Structures are given as C-alpha cells and as structure tokens.
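Shown next: my_file-v4.txt, given as compact mmCIF, C-alpha atoms.
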# COMPACT_ATOMS: atom_id res chain seq x y z
CA MET A 1 43.89 -11.56 2.44
CA LYS A 2 43.43 -13.52 5.66
CA MET A 3 39.95 -14.99 5.57
CA LYS A 4 37.91 -16.30 8.43
CA GLN A 5 36.81 -19.88 8.06
CA LYS A 6 33.14 -19.21 8.78
CA TYR A 7 30.78 -16.35 7.88
CA ASP A 8 27.14 -15.61 8.44
CA VAL A 9 26.62 -14.99 4.72
CA ILE A 10 28.67 -15.99 1.66
CA ILE A 11 27.80 -14.35 -1.66
CA VAL A 12 29.20 -16.00 -4.79
CA GLY A 13 29.55 -13.51 -7.64
CA ALA A 14 30.10 -9.75 -7.75
CA GLY A 15 27.86 -8.84 -10.65
CA PRO A 16 24.71 -6.76 -10.10
CA SER A 17 22.86 -9.55 -8.24
CA GLY A 18 25.73 -10.28 -5.87
CA ILE A 19 26.49 -6.59 -5.32
CA PHE A 20 22.86 -5.66 -4.66
CA ALA A 21 22.35 -8.67 -2.35
CA THR A 22 25.40 -7.55 -0.37
CA LEU A 23 24.25 -3.92 -0.27
CA GLU A 24 20.86 -5.02 1.04
CA ILE A 25 22.39 -7.24 3.74
CA ILE A 26 24.81 -4.59 4.99
CA LYS A 27 22.09 -1.93 4.90
CA HIS A 28 20.08 -3.89 7.44
CA ALA A 29 22.81 -5.70 9.37
CA GLN A 30 25.82 -3.36 9.01
CA ASP A 31 28.48 -5.01 11.18
CA LYS A 32 26.11 -7.39 12.98
CA LEU A 33 26.74 -10.14 10.40
CA SER A 34 29.99 -11.40 8.95
CA VAL A 35 29.67 -11.26 5.16
CA ILE A 36 32.03 -12.21 2.34
CA ILE A 37 31.52 -11.73 -1.38
CA VAL A 38 33.60 -14.10 -3.54
CA GLU A 39 34.30 -13.24 -7.19
CA LYS A 40 36.15 -15.30 -9.78
CA GLY A 41 37.37 -12.30 -11.78
CA PRO A 42 39.53 -9.28 -10.96
CA ASP A 43 38.77 -5.84 -9.55
CA ILE A 44 37.27 -3.30 -11.92
CA ASP A 45 40.45 -1.26 -12.47
CA LYS A 46 42.37 -4.43 -13.36
CA ARG A 47 39.56 -5.47 -15.70
CA LEU A 48 40.03 -2.22 -17.61
CA LYS A 49 43.76 -2.82 -18.02
CA GLU A 50 43.32 -6.46 -19.02
CA LYS A 51 40.25 -5.82 -21.20
CA ASN A 52 38.42 -8.49 -19.22
CA PHE A 53 34.84 -7.65 -20.12
CA LEU A 54 32.99 -10.70 -18.81
CA SER A 55 33.99 -11.51 -15.25
CA GLY A 56 35.14 -9.51 -12.27
CA TRP A 57 33.75 -6.78 -10.05
CA GLY A 58 30.54 -5.49 -11.64
CA GLY A 59 29.89 -8.52 -13.84
CA ALA A 60 29.47 -8.74 -17.59
CA GLY A 61 27.68 -5.40 -17.85
CA ALA A 62 30.33 -3.33 -16.06
CA PHE A 63 31.51 -1.73 -19.30
CA SER A 64 28.16 -1.53 -21.07
CA ASP A 65 26.41 1.74 -21.75
CA GLY A 66 24.51 1.20 -18.50
CA LYS A 67 20.92 1.46 -19.70
CA ILE A 68 18.59 0.19 -17.00
CA THR A 69 15.01 -0.42 -18.10
CA LEU A 70 12.48 0.48 -15.43
CA SER A 71 9.36 -1.48 -16.29
CA PRO A 72 7.89 -4.87 -15.37
CA ASP A 73 6.98 -5.19 -19.07
CA VAL A 74 10.53 -5.93 -20.18
CA GLY A 75 13.54 -7.91 -19.03
CA GLY A 76 12.12 -11.03 -17.45
CA TRP A 77 9.22 -12.84 -15.83
CA LEU A 78 9.11 -11.53 -12.27
CA THR A 79 5.40 -10.85 -12.67
CA ASP A 80 4.94 -14.65 -12.84
CA LEU A 81 6.09 -14.75 -9.22
CA LEU A 82 5.04 -11.39 -7.78
CA SER A 83 2.23 -8.95 -8.41
CA TRP A 84 2.71 -6.13 -10.92
CA LYS A 85 2.76 -3.60 -8.05
CA GLU A 86 5.37 -5.58 -6.09
CA VAL A 87 7.63 -5.77 -9.16
CA GLU A 88 7.15 -2.08 -9.87
CA ASP A 89 8.02 -1.23 -6.24
CA LEU A 90 11.16 -3.38 -6.43
CA ILE A 91 12.21 -1.75 -9.71
CA ASN A 92 11.76 1.71 -8.17
CA TYR A 93 13.74 0.65 -5.11
CA VAL A 94 16.64 -0.69 -7.21
CA ASP A 95 16.52 2.46 -9.33
CA SER A 96 16.82 4.60 -6.18
CA ILE A 97 20.05 2.76 -5.31
CA TRP A 98 21.45 3.26 -8.83
CA ALA A 99 20.55 6.95 -8.52
CA GLU A 100 22.57 7.15 -5.27
CA LEU A 101 25.53 5.29 -6.78
CA SER A 102 25.49 7.32 -9.99
CA PRO A 103 24.14 10.84 -9.44
CA GLU A 104 25.54 11.73 -12.88
CA ALA A 105 23.15 9.30 -14.58
CA SER A 106 20.40 10.58 -16.84
CA TYR A 107 16.78 9.61 -16.33
CA TYR A 108 14.56 9.33 -19.37
CA PRO A 109 10.83 9.39 -18.75
CA PHE A 110 8.73 9.37 -21.89
CA ASP A 111 6.51 11.96 -23.52
CA GLU A 112 3.06 10.47 -22.93
CA ASP A 113 1.39 12.25 -25.86
CA ALA A 114 4.09 11.20 -28.31
CA VAL A 115 3.98 7.63 -26.99
CA ALA A 116 0.17 7.48 -27.31
CA GLU A 117 0.50 8.45 -30.97
CA LEU A 118 3.20 5.83 -31.57
CA GLU A 119 1.14 3.17 -29.77
CA SER A 120 -1.82 3.98 -32.00
CA ARG A 121 0.32 3.69 -35.13
CA ALA A 122 1.82 0.42 -33.88
CA ARG A 123 -1.66 -1.07 -33.26
CA ARG A 124 -2.69 -0.18 -36.81
CA ALA A 125 0.32 -2.21 -37.99
CA HIS A 126 -0.67 -5.10 -35.65
CA LEU A 127 2.29 -4.38 -33.37
CA ARG A 128 2.55 -3.61 -29.68
CA LEU A 129 4.75 -0.76 -28.52
CA ILE A 130 6.05 -1.15 -24.96
CA PRO A 131 7.04 2.25 -23.56
CA TYR A 132 9.26 2.31 -20.51
CA LYS A 133 11.46 4.65 -18.54
CA ILE A 134 15.25 4.28 -18.65
CA ARG A 135 18.04 5.23 -16.29
CA HIS A 136 21.11 5.78 -18.45
CA LEU A 137 24.34 5.57 -16.47
CA GLY A 138 26.57 5.68 -19.54
CA SER A 139 29.77 3.73 -20.20
CA ASP A 140 31.86 6.32 -18.31
CA ASN A 141 29.63 6.35 -15.23
CA THR A 142 28.85 2.64 -14.86
CA PRO A 143 32.37 1.75 -13.58
CA LYS A 144 32.25 4.76 -11.22
CA ALA A 145 28.95 3.54 -9.76
CA LEU A 146 30.38 0.05 -9.29
CA ILE A 147 33.45 1.47 -7.52
CA ARG A 148 31.15 3.46 -5.20
CA ALA A 149 29.21 0.27 -4.45
CA LYS A 150 32.49 -1.52 -3.67
CA ASN A 151 33.60 1.27 -1.34
CA ARG A 152 30.28 1.04 0.50
CA ILE A 153 30.49 -2.75 0.77
CA GLU A 154 34.11 -2.79 1.99
CA LYS A 155 33.08 -0.96 5.17
CA TYR A 156 31.02 -3.93 6.37
CA ALA A 157 31.96 -7.01 4.31
CA GLU A 158 35.03 -8.80 3.04
CA ILE A 159 35.65 -9.01 -0.69
CA LEU A 160 37.64 -11.89 -2.15
CA LEU A 161 38.52 -11.35 -5.82
CA GLU A 162 40.18 -13.65 -8.36
CA SER A 163 38.92 -16.64 -6.40
CA GLY A 164 36.44 -18.84 -8.19
CA ALA A 165 33.98 -21.05 -6.34
CA GLU A 166 34.32 -24.65 -7.48
CA ARG A 167 31.54 -26.31 -5.50
CA ILE A 168 28.85 -25.65 -2.92
CA ILE A 169 29.17 -27.49 0.38
CA VAL A 170 25.82 -29.11 1.19
CA GLU A 171 25.02 -30.48 4.64
CA ASN A 172 21.66 -32.10 5.37
CA GLY A 173 20.19 -30.64 2.18
CA ARG A 174 21.29 -27.06 2.94
CA ALA A 175 24.06 -24.97 1.40
CA ARG A 176 26.62 -24.42 4.15
CA GLY A 177 29.64 -23.08 2.31
CA ILE A 178 31.79 -23.20 -0.80
CA ILE A 179 34.99 -24.84 -1.96
CA LEU A 180 37.24 -22.48 -3.90
CA GLU A 181 39.17 -23.48 -7.01
CA ASN A 182 42.34 -23.59 -4.89
CA GLY A 183 40.71 -26.13 -2.55
CA GLU A 184 40.11 -23.77 0.37
CA GLU A 185 36.77 -24.06 2.12
CA ILE A 186 34.64 -21.18 3.36
CA HIS A 187 31.72 -22.10 5.58
CA GLY A 188 28.63 -20.03 6.22
CA LYS A 189 25.14 -20.10 7.66
CA TYR A 190 23.75 -18.83 4.35
CA VAL A 191 25.04 -18.98 0.77
CA ILE A 192 23.73 -16.72 -1.99
CA VAL A 193 24.74 -17.88 -5.46
CA ALA A 194 24.81 -15.12 -8.09
CA PRO A 195 27.20 -16.36 -10.81
CA GLY A 196 25.80 -14.08 -13.52
CA ARG A 197 26.20 -14.40 -17.26
CA TYR A 198 29.82 -15.56 -17.15
CA GLY A 199 29.04 -18.27 -14.61
CA ALA A 200 25.65 -19.28 -16.02
CA SER A 201 26.84 -22.81 -16.82
CA TRP A 202 28.08 -23.19 -13.22
Can the structure in the file be given as structure tokens, please?
Amino acid sequence: MKMKQKYDVIIVGAGPSGIFATLEIIKHAQDKLSVIIVEKGPDIDKRLKEKNFLSGWGGAGAFSDGKITLSPDVGGWLTDLLSWKEVEDLINYVDSIWAELSPEASYYPFDEDAVAELESRARRAHLRLIPYKIRHLGSDNTPKALIRAKNRIEKYAEILLESGAERIIVENGRARGIILENGEEIHGKYVIVAPGRYGASW
C-alpha cells in the first residue's frame, strides 16, 4: 500500500479502542481528515487461518465469545474520572454501536425480581451481588461485527496491517508521528496509541 507521509490522525492498534476511536473520528469528520490506523498483526481472515488469537484486526478479544458487560460497576475505574451518569451514557453509546455492527447479537437484561431475591441472599452471606446487563455477540458474530467495522472504516481511513509501531516521534513534548518496525516514518498532527493487551508492554 502506498502511504502518505503525513496524516491528520494516526491510530496505533486495531483492537476495540483503536477501532472505536477511528469510528468516532470518521463519524464526525468523514473525509475531512486524513486518518490511518496501524496494526502490528494481520487481517481477521488471516488470523483465523493462522490461529493468531492475540494480535491483528479486532485485538485479543476478536475470537472470544463476545460478552460485553454494560455497567459502570464492572470492568474498570472510569467512575474515578467521570460521573456515574457520564460513564453510563458512554456505555450505552458504545453498546448502540455494537448493536449496529452485530444485529444478530443477543441482549440480556435481568429479571429484577429474581435479582432482588439473589441480592438479599448474597447480603445474608456477607456478599455483594453486582447485577448487570450483557450484550452477547457470540464467537460466530464477533468476527462478523469486526469485519463490518473494517468495511465502514475503509471508506474514510487507510488501514495498514502487519506493520508494528516501534517508537513514537515526539517533537516539543508532543506526539507527532510513529516509526514503524521497518524504519518508515509516518507523521501526523495527532497520535492515538491503543496497543491493547498484546501491546501492553509497549
């Protein structure tokens, strides 16, 4: 692929964070910004053939059973940074995108009466039950959703696969690009780093 040397936005990593960052940018900018997403691993169909389950398009969870928990109570500490309502709104927004990408997915609300009984029993045992809703894409549908996301992204952004980022180019204290493992440089006004589980040490 013939790359430009400079982009408005460079996204490093094509796991959920990188994919959703790109989707959000192209939703608002469409073709007004030049965007490239750079991923160390292969495309999703190649990952299936090679049994590469950690890196590549879709990230480490691409072949999981695709259970997405929809509650600020579990999965992290966003409520340390944002209000409960803001986190809940963001979760609902992300869920709406997953619902678009995977209309086949099941949605599991919970039976409030049954949960109230279980919460009561848990309290009596000095435990806390955390009920939450789940969107279940399923292991068959998760790759399909990721392919749909890729198809949407390709309309407005470039995708560079099997090209690991080696270093971030910093100028005057700001990220201004990346150096690939092959030594090529890509410059940009903004750099979003989303290396995911596989690239956590990076």
- Query: At what distance in Å, to one decimal, does CA of Lys40 in chain A lie from CA of Leu54 in chain A?
  - Reply: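 Distance between the two atoms: 10.6 Å.
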Quick one: which range 11-123 of chain A residues come within 6 Å of range 175-199 of chain A, and what is the nearest atom pair for each with the distance in Å to one decimal, counting only C-alpha atoms, rows ordered by chain and ascending number, as a tab-separated table?
residue	atom	partner	partner_atom	distance
A:Ile11	CA	A:Ile192	CA	4.7
A:Val12	CA	A:Val193	CA	4.9
A:Gly13	CA	A:Pro195	CA	4.9
A:Ser17	CA	A:Ala194	CA	5.9
A:Gly18	CA	A:Ala194	CA	5.4
Please, could you write that set of residues out with C-alpha atoms as a compact mmCIF listing (two decimals), in the coordinates of the input?
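Written out: part_19.txt:
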# COMPACT_ATOMS: atom_id res chain seq x y z
CA ILE A 11 27.80 -14.35 -1.66
CA VAL A 12 29.20 -16.00 -4.79
CA GLY A 13 29.55 -13.51 -7.64
CA SER A 17 22.86 -9.55 -8.24
CA GLY A 18 25.73 -10.28 -5.87
- Task: Name the residues, using the chain letters and numbers of the file, that sit within 9 Å of (27.6, -8.2, -15.6) when counting only C-alpha atoms, and give them as an MDAnalysis selection string.
- Result: chainID A and resid 14:17 53:64 196:198
Report as a CSV table (one decimal) with C-alpha atoms, in the frame of the given file all protein, DNA and RNA residues lying within 7 Å of Ser71 in chain A, evaluated on all atoms listed in the file, omitting residues in the same chain fewer than 4 positions from it.
chain,number,residue,atom,x,y,z
A,88,GLU,CA,7.2,-2.1,-9.9
A,132,TYR,CA,9.3,2.3,-20.5
A,133,LYS,CA,11.5,4.6,-18.5
- Message: I'd like to know which of A:Ile19, A:Leu81, A:Ile26, A:Ile168 is closest to Trp98 in chain A, using all atoms listed in the file.
- Response: A:Ile19
- For CA of Ser106 in chain A and CA of His136 in chain A, the interatomic separation in Å (one decimal):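 According to the coordinates, CA of Ser106 in chain A and CA of His136 in chain A are separated by 5.1 Å.
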- Message: Let me make sure I understand: among A:Val38, A:Pro72, A:Leu137, A:Glu112, which one has the smallest atom-to-atom distance to Trp84 in chain A if we use only C-alpha atoms?
- Response: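 Result for the nearest residue to Trp84 in chain A: A:Pro72.
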- Selection near Lys27 in chain A, 10 Å with all atoms listed in the file, sequence-local residues under 4 positions removed, as a list in words: Ala21, Thr22, Leu23, Asp31, Arg152, Ile153 and Tyr156 of chain A
Can you write out the residues you just picked, keeping C-alpha atoms, as a compact mmCIF listing (two decimals), in the frame of the given file?
# COMPACT_ATOMS: atom_id res chain seq x y z
CA ALA A 21 22.35 -8.67 -2.35
CA THR A 22 25.40 -7.55 -0.37
CA LEU A 23 24.25 -3.92 -0.27
CA ASP A 31 28.48 -5.01 11.18
CA ARG A 152 30.28 1.04 0.50
CA ILE A 153 30.49 -2.75 0.77
CA TYR A 156 31.02 -3.93 6.37
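If you measure from each of A:Ile97, A:Ile37, A:Leu48, A:Ala105 to Lys67 in chain A using all atoms listed in the file, the closest one turns out to be A:Ala105.
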